[in-house]
Amino acid sequence: MNIENGEFEDWRGSKADPAKHGGVTASSIACVVEVLENMVFLSNATNFVAYFLKSMHYSAAESANMVTNFMGTSFLLTIFGGFVSDSFLTRFKTFIIFCTLELLGLILLTIQAQDSRLLPPINSKPSKTQEAILYTGLYAIAAGVGGVKAALPAHGADQLDHSNQRLVSSFFNWFFFSLCLGGLIASTVMIWIQENLGWNWGFKISVVTLSVALCIFSMGFPIYRYKCPGGSPLIRIFKVLASAIANRKASLPEAGNTQIYGEKRNHDKFRFLNKALMGESVASTEVTETKTFIGLLPIFASTIMMNCCLAQLMTFSVQQGNIMNRSLNSFKIPTQSLSVFPLSIMLTSIPIYEYFVRMFRSKNNHHPGILNMFQPLRRIGLGLALASGSMAAAAVVEAKRREAANDDVVLSVFWLGWQYLLLGVSDMLTLGGMLEFFYSEAPDTMRSMSTALSWCSTAMGYFISSVLVTISNWVSGHFGKEWLGGSDLNHTRLDLFYMLLCILNFINLLNYIFWARRY
């Protein structure tokens, strides 16, 4: 049986039967696998710091930079993973290959960690060979994570009926729930294991867990439905751009009157790209595909600043927690487990959000204005607004903490709950909305790569956060004292840096509203 363009096939290559292939059960497997995969990814990110310090004998600064670079590279490589998934392989095969690559990298590091011959002597830096093994394993994991995070959510959403947008939206919410649940396990169970049984156990458990995740995902192959790759979308985009430039002198009416089949949202935008149709090798569907993808980029760029705020939860908020009262009765909260606060808030907010969505839809089924409240663009906008509010709350709390410290009073770490609460809900709305928006609005042939934009936004937010810290110190140093100079937060102006992020996020919100209204 011939498979028409846009249709799904089963594992035998025949047309997929909706009664046998895909559905909620098939998409749920992606959520289960994401819990295990994200637990491995985040627990290793924490474990690497101790491993680099204690076993590889890197300095604290070198270890921190290596982990930061590892995480940033992992998220940036999602674009490559999405490109492979859309162009050459099905999303199922992409996941299998990249998850295996991640597992092999993890096994290599586990072997190195257990074999004293592959580790440097005490108080010595690693040799070139030892470093080569370390970086090979480390960036094999990063490449694997990039492919997995690009393919898995798109594969899960592929299993659902796309005419039921509410079902697709719910999937991305629960996928985000799974992501947070994996992070919560990494921040609690895995941290306890690493602190009480040793970081070696972290590697061993990660290998077993990722192997189980790979097996669970593979076992679902008979009930999955698959979308065949459609060739390189980047080549098609470059071809459209090149043709439009080559025919730039053609009059717009002559080029613009050509009917663009299937064009919906962007028919009045980027009309100059219609000139590409003057070239004989460009199809109207390719012009539509290019317009759609370019239309997504302003929304993507508008979410990066919000992720600068999330970076603070991994850096300055942890440093704040270190010098605050972390006692809860007789239990002292480990520093690495401070991320439990935002993760718990996100996990709680998702079921609550799903409940209210169902309630509103059941009672207001004939009021589209109310139902539009839950559209991805509106959720992203609300998330960006909350990010600005969270930085304002963080600035107030930090000013209060520093004032109390000057009076020899140590505030409870639970004062950080305000910024964790607002940023947690913000991340749930923004990242969940981005995953759904980029998947739903992307061309069929670019859904993995478009979904990967959500992860790239996270990576770029982390990198830009570092740039903002450097610029803030440089500017403030020219007018007196650096805001974030030194290692003692009691003698810095972290509150002013938080307020700067609040202002930048508010300006970014206005920028987002401009582009969202034009979309």
# chains A, B, ... in the order shown; residues from 1 in each chain; ligands from 1

$ residues_around --residues "stretch 465-481 of chain A" --least-positions-apart "3" --cutoff "10 Å" --atoms "only C-alpha atoms" --output "list in words"
Ile304, Met305, Asn307, Cys308, Cys309, Leu310, Ala311, Gln312, Ala459, Met460, Gly461, Tyr462, Leu484, Gly485, Thr492, Arg493, Leu496, Phe497, Leu500 and Leu501 of chain A

$ write_last_selection --atoms "N, CA, C and O atoms" --output "mmCIF file, in the first residue's frame"
data_model
loop_
_atom_site.group_PDB
_atom_site.id
_atom_site.type_symbol
_atom_site.label_atom_id
_atom_site.label_comp_id
_atom_site.auth_asym_id
_atom_site.auth_seq_id
_atom_site.Cartn_x
_atom_site.Cartn_y
_atom_site.Cartn_z
ATOM 1 N N ILE A 304 14.037 33.616 25.297
ATOM 2 C CA ILE A 304 15.393 33.367 25.809
ATOM 3 C C ILE A 304 15.621 34.082 27.130
ATOM 4 O O ILE A 304 16.212 33.527 28.062
ATOM 5 N N MET A 305 15.150 35.340 27.237
ATOM 6 C CA MET A 305 15.394 36.120 28.450
ATOM 7 C C MET A 305 14.773 35.470 29.674
ATOM 8 O O MET A 305 15.327 35.529 30.778
ATOM 9 N N ASN A 307 14.619 32.360 30.246
ATOM 10 C CA ASN A 307 15.512 31.294 30.680
ATOM 11 C C ASN A 307 16.755 31.829 31.382
ATOM 12 O O ASN A 307 17.433 31.078 32.088
ATOM 13 N N CYS A 308 17.072 33.112 31.189
ATOM 14 C CA CYS A 308 18.126 33.743 32.008
ATOM 15 C C CYS A 308 17.726 33.730 33.482
ATOM 16 O O CYS A 308 18.574 33.569 34.368
ATOM 17 N N CYS A 309 16.430 33.910 33.732
ATOM 18 C CA CYS A 309 15.940 33.853 35.119
ATOM 19 C C CYS A 309 16.074 32.449 35.689
ATOM 20 O O CYS A 309 16.464 32.262 36.842
ATOM 21 N N LEU A 310 15.747 31.434 34.864
ATOM 22 C CA LEU A 310 15.862 30.051 35.326
ATOM 23 C C LEU A 310 17.297 29.705 35.682
ATOM 24 O O LEU A 310 17.560 28.921 36.597
ATOM 25 N N ALA A 311 18.251 30.308 34.960
ATOM 26 C CA ALA A 311 19.662 30.043 35.253
ATOM 27 C C ALA A 311 20.019 30.475 36.667
ATOM 28 O O ALA A 311 20.920 29.889 37.293
ATOM 29 N N GLN A 312 19.309 31.477 37.192
ATOM 30 C CA GLN A 312 19.624 31.949 38.545
ATOM 31 C C GLN A 312 19.288 30.897 39.608
ATOM 32 O O GLN A 312 19.911 30.861 40.672
ATOM 33 N N ALA A 459 19.261 26.683 26.530
ATOM 34 C CA ALA A 459 20.716 26.773 26.444
ATOM 35 C C ALA A 459 21.177 28.210 26.274
ATOM 36 O O ALA A 459 22.105 28.670 26.958
ATOM 37 N N MET A 460 20.526 28.938 25.378
ATOM 38 C CA MET A 460 20.930 30.310 25.131
ATOM 39 C C MET A 460 20.655 31.199 26.333
ATOM 40 O O MET A 460 21.394 32.151 26.598
ATOM 41 N N GLY A 461 19.609 30.873 27.083
ATOM 42 C CA GLY A 461 19.342 31.619 28.310
ATOM 43 C C GLY A 461 20.462 31.469 29.323
ATOM 44 O O GLY A 461 20.862 32.436 29.978
ATOM 45 N N TYR A 462 21.007 30.253 29.437
ATOM 46 C CA TYR A 462 22.124 30.016 30.354
ATOM 47 C C TYR A 462 23.369 30.779 29.900
ATOM 48 O O TYR A 462 24.070 31.392 30.711
ATOM 49 N N LEU A 484 28.471 42.021 41.533
ATOM 50 C CA LEU A 484 28.610 40.595 41.842
ATOM 51 C C LEU A 484 30.071 40.202 42.016
ATOM 52 O O LEU A 484 30.452 39.058 41.776
ATOM 53 N N GLY A 485 30.906 41.142 42.410
ATOM 54 C CA GLY A 485 32.313 40.841 42.641
ATOM 55 C C GLY A 485 32.522 40.140 43.975
ATOM 56 O O GLY A 485 31.824 40.388 44.959
ATOM 57 N N THR A 492 27.751 41.896 48.208
ATOM 58 C CA THR A 492 27.447 42.133 46.796
ATOM 59 C C THR A 492 26.091 42.821 46.682
ATOM 60 O O THR A 492 25.403 43.038 47.687
ATOM 61 N N ARG A 493 25.718 43.160 45.468
ATOM 62 C CA ARG A 493 24.398 43.758 45.215
ATOM 63 C C ARG A 493 23.610 42.861 44.270
ATOM 64 O O ARG A 493 23.205 43.261 43.193
ATOM 65 N N LEU A 496 20.278 44.197 43.077
ATOM 66 C CA LEU A 496 20.247 45.086 41.914
ATOM 67 C C LEU A 496 20.314 44.289 40.618
ATOM 68 O O LEU A 496 19.687 44.656 39.615
ATOM 69 N N PHE A 497 21.081 43.197 40.625
ATOM 70 C CA PHE A 497 21.145 42.343 39.437
ATOM 71 C C PHE A 497 19.784 41.700 39.179
ATOM 72 O O PHE A 497 19.332 41.616 38.023
ATOM 73 N N LEU A 500 17.605 44.255 37.657
ATOM 74 C CA LEU A 500 17.941 44.415 36.246
ATOM 75 C C LEU A 500 17.256 43.345 35.400
ATOM 76 O O LEU A 500 16.692 43.637 34.330
ATOM 77 N N LEU A 501 17.286 42.102 35.879
ATOM 78 C CA LEU A 501 16.613 41.018 35.157
ATOM 79 C C LEU A 501 15.107 41.248 35.099
ATOM 80 O O LEU A 501 14.458 40.936 34.091
#

$ closest_residue --among "A:Thr290, A:Trp418, A:Thr285, A:Cys228" --to "A:Ala242" --atoms "only C-alpha atoms"
A:Thr290

$ select_by_dssp --residues "stretch 55-176 of chain A" --states "alpha helix (DSSP H)" --output "ChimeraX atom specification"
/A:60-76,78-87,91-114,128-158,165-176

$ closest_residue --among "A:Ser14, A:Phe172, A:Ile97, A:Leu134" --to "A:Cys31" --atoms "only C-alpha atoms"
A:Phe172

$ closest_residue --among "A:Ile299, A:Val212, A:Ala394, A:Met428" --to "A:Ser457" --atoms "only C-alpha atoms"
A:Ile299

$ atom_distance --atom1 "atom CA of A:Thr188" --atom2 "atom CA of A:Glu34"
17.3 Å

$ closest_atom_pairs --of "stretch 418-490 of chain A" --to "stretch 72-78 of chain A" --cutoff "7 Å" --atoms "only C-alpha atoms" --output "Markdown table"
| residue | atom | partner | partner_atom | distance |
| --- | --- | --- | --- | --- |
| A:Ala452 | CA | A:Thr78 | CA | 5.3 |
| A:Trp455 | CA | A:Phe75 | CA | 5.4 |
| A:Cys456 | CA | A:Leu76 | CA | 5.1 |
| A:Ala459 | CA | A:Gly72 | CA | 4.8 |

$ write_last_selection --atoms "N, CA and C atoms" --output "tab-separated table (two decimals), in the first residue's frame"
chain	number	residue	atom	x	y	z
A	452	ALA	N	12.78	21.37	19.03
A	452	ALA	CA	14.10	21.56	19.64
A	452	ALA	C	14.39	23.02	19.94
A	455	TRP	N	14.38	23.74	23.65
A	455	TRP	CA	15.58	23.41	24.42
A	455	TRP	C	16.71	24.39	24.09
A	456	CYS	N	16.78	24.84	22.84
A	456	CYS	CA	17.81	25.81	22.48
A	456	CYS	C	17.60	27.13	23.22
A	459	ALA	N	19.26	26.68	26.53
A	459	ALA	CA	20.72	26.77	26.44
A	459	ALA	C	21.18	28.21	26.27

$ closest_residue --among "A:Leu179, A:Ala244, A:Val287, A:Met56" --to "A:Gln130" --atoms "only C-alpha atoms"
A:Met56

$ residues_around --residues "A:Lys239" --least-positions-apart "4" --cutoff "8 Å" --atoms "only C-alpha atoms" --output "VMD selection string"
chain A and resid 235 243 282

$ write_last_selection --atoms "all heavy atoms" --output "PDB file, in the first residue's frame"
ATOM      1  N   ILE A 235      17.958  22.508   3.563  1.00  0.00           N
ATOM      2  CA  ILE A 235      18.286  22.675   2.140  1.00  0.00           C
ATOM      3  C   ILE A 235      17.119  23.339   1.406  1.00  0.00           C
ATOM      4  O   ILE A 235      17.311  24.226   0.561  1.00  0.00           O
ATOM      5  CB  ILE A 235      18.639  21.318   1.503  1.00  0.00           C
ATOM      6  CG1 ILE A 235      19.972  20.798   2.072  1.00  0.00           C
ATOM      7  CG2 ILE A 235      18.712  21.435  -0.007  1.00  0.00           C
ATOM      8  CD1 ILE A 235      20.377  19.439   1.550  1.00  0.00           C
ATOM      9  N   SER A 243      16.491  31.498  -4.158  1.00  0.00           N
ATOM     10  CA  SER A 243      15.653  31.816  -5.309  1.00  0.00           C
ATOM     11  C   SER A 243      14.991  33.176  -5.140  1.00  0.00           C
ATOM     12  O   SER A 243      14.870  33.946  -6.109  1.00  0.00           O
ATOM     13  CB  SER A 243      14.591  30.733  -5.503  1.00  0.00           C
ATOM     14  OG  SER A 243      13.779  31.012  -6.621  1.00  0.00           O
ATOM     15  N   VAL A 282      11.575  25.595  -7.321  1.00  0.00           N
ATOM     16  CA  VAL A 282      10.957  25.830  -6.016  1.00  0.00           C
ATOM     17  C   VAL A 282       9.463  25.564  -6.094  1.00  0.00           C
ATOM     18  O   VAL A 282       8.769  26.100  -6.973  1.00  0.00           O
ATOM     19  CB  VAL A 282      11.217  27.270  -5.535  1.00  0.00           C
ATOM     20  CG1 VAL A 282      10.501  27.529  -4.212  1.00  0.00           C
ATOM     21  CG2 VAL A 282      12.707  27.519  -5.383  1.00  0.00           C
TER      22      VAL A 282
END

$ atom_distance --atom1 "atom CA of A:Gly231" --atom2 "atom CA of A:Phe88"
6.2 Å

$ closest_residue --among "A:Phe300, A:Trp415, A:Trp199, A:Trp515" --to "A:Leu431" --atoms "only C-alpha atoms"
A:Phe300

$ closest_atom_pairs --of "stretch 399-439 of chain A" --to "stretch 353-363 of chain A" --cutoff "12 Å" --atoms "only C-alpha atoms" --output "Markdown table"
| residue | atom | partner | partner_atom | distance |
| --- | --- | --- | --- | --- |
| A:Val425 | CA | A:Tyr353 | CA | 10.0 |
| A:Met428 | CA | A:Tyr353 | CA | 9.7 |
| A:Leu429 | CA | A:Tyr353 | CA | 9.4 |
| A:Gly432 | CA | A:Tyr353 | CA | 11.5 |

$ write_last_selection --atoms "C-alpha atoms" --output "compact mmCIF listing (two decimals), in the first residue's frame"
# COMPACT_ATOMS: atom_id res chain seq x y z
CA VAL A 425 4.76 28.28 37.45
CA MET A 428 5.52 25.29 33.45
CA LEU A 429 3.53 27.76 31.36
CA GLY A 432 5.01 23.59 28.17

$ decode --residues "stretch 424-472 of chain A" --atoms "N, CA and C atoms" --output "JSON list (two decimals), in the first residue's frame"
[["chain", "number", "residue", "atom", "x", "y", "z"],
["A", 424, "GLY", "N", 8.68, 28.70, 39.04],
["A", 424, "GLY", "CA", 8.20, 27.35, 38.77],
["A", 424, "GLY", "C", 6.96, 27.35, 37.90],
["A", 425, "VAL", "N", 5.98, 28.17, 38.26],
["A", 425, "VAL", "CA", 4.76, 28.28, 37.45],
["A", 425, "VAL", "C", 5.09, 28.88, 36.09],
["A", 426, "SER", "N", 6.00, 29.87, 36.09],
["A", 426, "SER", "CA", 6.42, 30.50, 34.83],
["A", 426, "SER", "C", 7.02, 29.47, 33.88],
["A", 427, "ASP", "N", 7.89, 28.63, 34.39],
["A", 427, "ASP", "CA", 8.53, 27.61, 33.55],
["A", 427, "ASP", "C", 7.51, 26.61, 33.02],
["A", 428, "MET", "N", 6.56, 26.24, 33.88],
["A", 428, "MET", "CA", 5.52, 25.29, 33.45],
["A", 428, "MET", "C", 4.71, 25.87, 32.29],
["A", 429, "LEU", "N", 4.33, 27.14, 32.41],
["A", 429, "LEU", "CA", 3.53, 27.76, 31.36],
["A", 429, "LEU", "C", 4.34, 27.99, 30.09],
["A", 430, "THR", "N", 5.58, 28.47, 30.28],
["A", 430, "THR", "CA", 6.38, 28.86, 29.12],
["A", 430, "THR", "C", 6.91, 27.65, 28.36],
["A", 431, "LEU", "N", 7.64, 26.75, 29.05],
["A", 431, "LEU", "CA", 8.22, 25.61, 28.35],
["A", 431, "LEU", "C", 7.14, 24.67, 27.82],
["A", 432, "GLY", "N", 6.12, 24.43, 28.65],
["A", 432, "GLY", "CA", 5.01, 23.59, 28.17],
["A", 432, "GLY", "C", 4.32, 24.21, 26.96],
["A", 433, "GLY", "N", 4.10, 25.53, 27.01],
["A", 433, "GLY", "CA", 3.48, 26.23, 25.89],
["A", 433, "GLY", "C", 4.37, 26.22, 24.66],
["A", 434, "MET", "N", 5.70, 26.38, 24.85],
["A", 434, "MET", "CA", 6.63, 26.37, 23.72],
["A", 434, "MET", "C", 6.66, 25.02, 23.02],
["A", 435, "LEU", "N", 6.73, 23.94, 23.80],
["A", 435, "LEU", "CA", 6.75, 22.61, 23.21],
["A", 435, "LEU", "C", 5.51, 22.38, 22.35],
["A", 436, "GLU", "N", 4.34, 22.75, 22.90],
["A", 436, "GLU", "CA", 3.09, 22.57, 22.15],
["A", 436, "GLU", "C", 3.04, 23.49, 20.94],
["A", 437, "PHE", "N", 3.41, 24.76, 21.12],
["A", 437, "PHE", "CA", 3.31, 25.73, 20.05],
["A", 437, "PHE", "C", 4.24, 25.38, 18.88],
["A", 438, "PHE", "N", 5.50, 25.09, 19.18],
["A", 438, "PHE", "CA", 6.45, 24.81, 18.10],
["A", 438, "PHE", "C", 6.10, 23.51, 17.38],
["A", 439, "TYR", "N", 5.57, 22.54, 18.12],
["A", 439, "TYR", "CA", 5.17, 21.29, 17.47],
["A", 439, "TYR", "C", 3.94, 21.50, 16.59],
["A", 440, "SER", "N", 2.92, 22.17, 17.14],
["A", 440, "SER", "CA", 1.65, 22.30, 16.44],
["A", 440, "SER", "C", 1.74, 23.23, 15.24],
["A", 441, "GLU", "N", 2.54, 24.28, 15.35],
["A", 441, "GLU", "CA", 2.61, 25.28, 14.28],
["A", 441, "GLU", "C", 3.67, 24.95, 13.23],
["A", 442, "ALA", "N", 4.60, 24.06, 13.56],
["A", 442, "ALA", "CA", 5.69, 23.76, 12.62],
["A", 442, "ALA", "C", 5.17, 23.00, 11.41],
["A", 443, "PRO", "N", 5.86, 23.14, 10.28],
["A", 443, "PRO", "CA", 5.54, 22.28, 9.13],
["A", 443, "PRO", "C", 5.71, 20.81, 9.51],
["A", 444, "ASP", "N", 4.93, 19.93, 8.90],
["A", 444, "ASP", "CA", 5.01, 18.50, 9.23],
["A", 444, "ASP", "C", 6.42, 17.95, 9.09],
["A", 445, "THR", "N", 7.17, 18.51, 8.15],
["A", 445, "THR", "CA", 8.52, 17.99, 7.87],
["A", 445, "THR", "C", 9.58, 18.57, 8.79],
["A", 446, "MET", "N", 9.20, 19.45, 9.74],
["A", 446, "MET", "CA", 10.20, 20.11, 10.59],
["A", 446, "MET", "C", 9.80, 20.08, 12.06],
["A", 447, "ARG", "N", 8.99, 19.12, 12.46],
["A", 447, "ARG", "CA", 8.45, 19.18, 13.81],
["A", 447, "ARG", "C", 9.49, 18.87, 14.88],
["A", 448, "SER", "N", 10.41, 17.96, 14.63],
["A", 448, "SER", "CA", 11.45, 17.67, 15.62],
["A", 448, "SER", "C", 12.38, 18.87, 15.79],
["A", 449, "MET", "N", 12.79, 19.45, 14.67],
["A", 449, "MET", "CA", 13.71, 20.58, 14.73],
["A", 449, "MET", "C", 13.03, 21.80, 15.35],
["A", 450, "SER", "N", 11.77, 22.00, 15.06],
["A", 450, "SER", "CA", 11.05, 23.13, 15.64],
["A", 450, "SER", "C", 10.84, 22.95, 17.14],
["A", 451, "THR", "N", 10.50, 21.72, 17.54],
["A", 451, "THR", "CA", 10.36, 21.44, 18.98],
["A", 451, "THR", "C", 11.67, 21.66, 19.70],
["A", 452, "ALA", "N", 12.78, 21.37, 19.03],
["A", 452, "ALA", "CA", 14.10, 21.56, 19.64],
["A", 452, "ALA", "C", 14.39, 23.02, 19.94],
["A", 453, "LEU", "N", 13.67, 23.95, 19.31],
["A", 453, "LEU", "CA", 13.86, 25.36, 19.63],
["A", 453, "LEU", "C", 13.59, 25.65, 21.10],
["A", 454, "SER", "N", 12.68, 24.88, 21.71],
["A", 454, "SER", "CA", 12.39, 25.06, 23.14],
["A", 454, "SER", "C", 13.62, 24.81, 23.98],
["A", 455, "TRP", "N", 14.38, 23.74, 23.65],
["A", 455, "TRP", "CA", 15.58, 23.41, 24.42],
["A", 455, "TRP", "C", 16.71, 24.39, 24.09],
["A", 456, "CYS", "N", 16.78, 24.84, 22.84],
["A", 456, "CYS", "CA", 17.81, 25.81, 22.48],
["A", 456, "CYS", "C", 17.60, 27.13, 23.22],
["A", 457, "SER", "N", 16.36, 27.49, 23.45],
["A", 457, "SER", "CA", 16.07, 28.69, 24.23],
["A", 457, "SER", "C", 16.63, 28.56, 25.64],
["A", 458, "THR", "N", 16.52, 27.36, 26.21],
["A", 458, "THR", "CA", 17.08, 27.12, 27.54],
["A", 458, "THR", "C", 18.60, 27.29, 27.53],
["A", 459, "ALA", "N", 19.26, 26.68, 26.53],
["A", 459, "ALA", "CA", 20.72, 26.77, 26.44],
["A", 459, "ALA", "C", 21.18, 28.21, 26.27],
["A", 460, "MET", "N", 20.53, 28.94, 25.38],
["A", 460, "MET", "CA", 20.93, 30.31, 25.13],
["A", 460, "MET", "C", 20.65, 31.20, 26.33],
["A", 461, "GLY", "N", 19.61, 30.87, 27.08],
["A", 461, "GLY", "CA", 19.34, 31.62, 28.31],
["A", 461, "GLY", "C", 20.46, 31.47, 29.32],
["A", 462, "TYR", "N", 21.01, 30.25, 29.44],
["A", 462, "TYR", "CA", 22.12, 30.02, 30.35],
["A", 462, "TYR", "C", 23.37, 30.78, 29.90],
["A", 463, "PHE", "N", 23.65, 30.73, 28.60],
["A", 463, "PHE", "CA", 24.84, 31.42, 28.09],
["A", 463, "PHE", "C", 24.70, 32.94, 28.24],
["A", 464, "ILE", "N", 23.53, 33.48, 27.93],
["A", 464, "ILE", "CA", 23.33, 34.93, 28.02],
["A", 464, "ILE", "C", 23.36, 35.38, 29.47],
["A", 465, "SER", "N", 22.91, 34.53, 30.40],
["A", 465, "SER", "CA", 23.00, 34.86, 31.82],
["A", 465, "SER", "C", 24.44, 35.13, 32.22],
["A", 466, "SER", "N", 25.36, 34.28, 31.74],
["A", 466, "SER", "CA", 26.79, 34.49, 32.05],
["A", 466, "SER", "C", 27.28, 35.80, 31.46],
["A", 467, "VAL", "N", 26.82, 36.13, 30.25],
["A", 467, "VAL", "CA", 27.22, 37.39, 29.62],
["A", 467, "VAL", "C", 26.69, 38.58, 30.41],
["A", 468, "LEU", "N", 25.44, 38.49, 30.88],
["A", 468, "LEU", "CA", 24.86, 39.58, 31.66],
["A", 468, "LEU", "C", 25.61, 39.81, 32.97],
["A", 469, "VAL", "N", 26.04, 38.72, 33.60],
["A", 469, "VAL", "CA", 26.82, 38.86, 34.84],
["A", 469, "VAL", "C", 28.12, 39.61, 34.55],
["A", 470, "THR", "N", 28.78, 39.23, 33.46],
["A", 470, "THR", "CA", 30.05, 39.88, 33.10],
["A", 470, "THR", "C", 29.83, 41.35, 32.78],
["A", 471, "ILE", "N", 28.81, 41.67, 31.99],
["A", 471, "ILE", "CA", 28.54, 43.06, 31.62],
["A", 471, "ILE", "C", 28.15, 43.88, 32.85],
["A", 472, "SER", "N", 27.32, 43.30, 33.72],
["A", 472, "SER", "CA", 26.89, 44.00, 34.94],
["A", 472, "SER", "C", 28.09, 44.36, 35.81]]
